[in-house]
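Below is one structure, written out as structure tokens, with a few remarks after it.
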Amino acid sequence: MDEALQVVRQLVKQNPLDFEARNWVARLEGWKGNFKEAEELYRKVLLDHPDDPEAEIGIADVLSWQKEFSAAQTLMKRLEKQRPDDPEVLIRLGRLSLWLHKRDDSRRYFKQVLQIDPNNKEARDAIRNMESEKPFRIESGYLFEGYDFTGNTNGNFVQVVYRDYDRKTFLAGFQYQNKFGENDTQFTLGATYRFFHRTYIRGELTLAPRSLTVVPNQDYTIEITQGLPHGVAVGGAFHYMNFSVADVQIPTGIVNWDAKPNLHLYLRYTPAGTSFNGQSSRVWNQGGWTKLVWDTNRIFSPYILFATGAESFEVAVSAEQLGRFSAHTYGGGGEIRISPRQGFHVGYFYQRRTLGHQEQSFGASYYFSF
């Protein structure tokens, strides 16, 4: 792209009225991620060459890459009135409608594109993907945790998810495991709801029989996130766990960033405050994790993860000892899609703890949608 920029910049230098070359300069700057500069260059083209469709489309693209979908849609709708049969305009309106959770409008625009250009691959793929979307997903898998200081953990889980691809997601899950010699069962219910355009609230509840000691008997999470420009979302959450001998409060700071359309970064700050039964004080430990996900193609999305913080507090016998049990966790895995409706999740984690202890975890699951 740098070499291409040199070529088109030379063309502009030779002829400032070469608006095609000027648009290419802006387009290449946008592809390089210089969004503000690209938008400014496009707007300068429009000052000298009003209603230049390539410049208007270019500005809409730059706004879209910064997640400013509503502003981009306003531009494209205005251009649609001037060029109602332009596939370049219609294809962008189809994308924007999809990103704005307006699937009926998106489907209509993509079908218009196919009426004009029956071989348009993006329109065909978009309609096929929307038609393949199924609201229900079942996922089931196996979990393993191996320790160098106690017995291993083996478990299985099954989860059912309903998603309307617009506002609502519901989930119900069941997990069974043998941990530290105790057979544990846990039941989970959760829901996510979208308010406005990019405001999400999520709640989740997990319950286990009160006789169990190594998993929380009650586990609550409430979370809210707000989408911002440039692919950023921020929010907060509160996570509460009640064990037979203690309870833990975890306020959480959330930052998500879509650095590129196929590259996603997740950051969490998770300080944890633990109070043991019979003690009035609460001991706080700092913690957090970061996760990077790369959608390499339609088949595979790998990720890497790093976490740090207090180790599982249930092995401590008093609040004063809690600070000894800290850990660093390194992990990775991914999603492998066999088809749009089914695939696998796999993950491996290595945890290095204080006192020289180590843990290794592995999980694998299969899902299908219907």
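FYI, nothing fancy with the structure tokens labels: chains A, B, ... in order, residues from 1 per chain, ligands from 1 as they appear.
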- Residue neighbourhood Gly173 (chain A), 7 Å, only C-alpha atoms, exclusion window fewer than 3 positions, as an MDAnalysis selection string: chainID A and resid 158:160 187:189
Please write the residues from the selection above to a file, keeping N, CA and C atoms, as a short mmCIF file (atom, residue, chain, number, x, y, z; two decimals), in the first residue's frame.
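Here's the written file selection-v4.cif:
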data_model
loop_
_atom_site.label_atom_id
_atom_site.label_comp_id
_atom_site.auth_asym_id
_atom_site.auth_seq_id
_atom_site.Cartn_x
_atom_site.Cartn_y
_atom_site.Cartn_z
N VAL A 158 -23.52 -29.20 29.52
CA VAL A 158 -24.40 -29.01 28.37
C VAL A 158 -25.07 -27.65 28.53
N GLN A 159 -25.22 -26.94 27.44
CA GLN A 159 -25.78 -25.60 27.48
C GLN A 159 -26.68 -25.38 26.27
N VAL A 160 -27.83 -24.77 26.50
CA VAL A 160 -28.77 -24.43 25.44
C VAL A 160 -28.89 -22.91 25.37
N PHE A 187 -26.31 -25.52 38.08
CA PHE A 187 -27.33 -25.14 37.13
C PHE A 187 -27.21 -23.65 36.85
N THR A 188 -27.28 -23.27 35.57
CA THR A 188 -27.07 -21.87 35.18
C THR A 188 -28.22 -21.37 34.32
N LEU A 189 -28.66 -20.13 34.59
CA LEU A 189 -29.62 -19.43 33.75
C LEU A 189 -29.04 -18.04 33.47
#
- Skip Pro261 (chain A) itself and residues of its chain fewer than 6 positions away, then list as an MDAnalysis selection string all residues within 9 Å of it, counting only C-alpha atoms. chainID A and resid 65 231 295
Any chance you can output those residues with C-alpha atoms as an mmCIF file, in the first residue's frame?
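Final file, out_26.cif:
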data_model
loop_
_atom_site.group_PDB
_atom_site.id
_atom_site.type_symbol
_atom_site.label_atom_id
_atom_site.label_comp_id
_atom_site.auth_asym_id
_atom_site.auth_seq_id
_atom_site.Cartn_x
_atom_site.Cartn_y
_atom_site.Cartn_z
ATOM 1 C CA TRP A 65 -14.749 1.024 9.924
ATOM 2 C CA GLY A 231 -14.936 -0.248 17.751
ATOM 3 C CA ASP A 295 -11.020 -14.441 13.061
#
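One finds CA of Ile57 (chain A) at 19.7 Å from CA of Arg108 (chain A).
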- Task: Report as a PyMOL selection string: the residues of region 226-275 of chain A with a DSSP assignment of strand (DSSP E), based on the backbone of this structure.
- Result: chain A and resi 226-228+232-242+246-260+263-269+272-275
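Relative to CA of Tyr269 (chain A), CA of Val232 (chain A) is found at 16.1 Å.
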- Query: Near Tyr142 (chain A), counting only C-alpha atoms, which residues have an atom at most 7 Å away, once you skip same-chain residues fewer than 5 positions from it, shown as a ChimeraX atom specification?
  - Reply: /A:155-157,363-365
- Task: Considering only C-alpha atoms, state which residue in the set A:Arg341, A:Lys67, A:Gly333, A:Thr185 is at the smallest distance from Arg210 (chain A).
- Result: A:Thr185
- Residue set, region 235-325 of chain A restricted to helix (DSSP H, G or I), as a list in words: Phe313, Glu314, Val315, Ala319, Glu320, Gln321, Leu322, Gly323 and Arg324 of chain A
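Between CA of Trp257 (chain A) and CA of Phe362 (chain A) lies a distance of 26.8 Å.
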- Please provide as a list in words all residues within 9 Å of Ser275 (chain A), with the sequence filter that same-chain residues fewer than 5 positions apart are discarded (counting only C-alpha atoms). Val245, Ala246, Asp247, Val248, Gln249, Ser280, Ser281, Arg282, Val283 and Ala319 of chain A
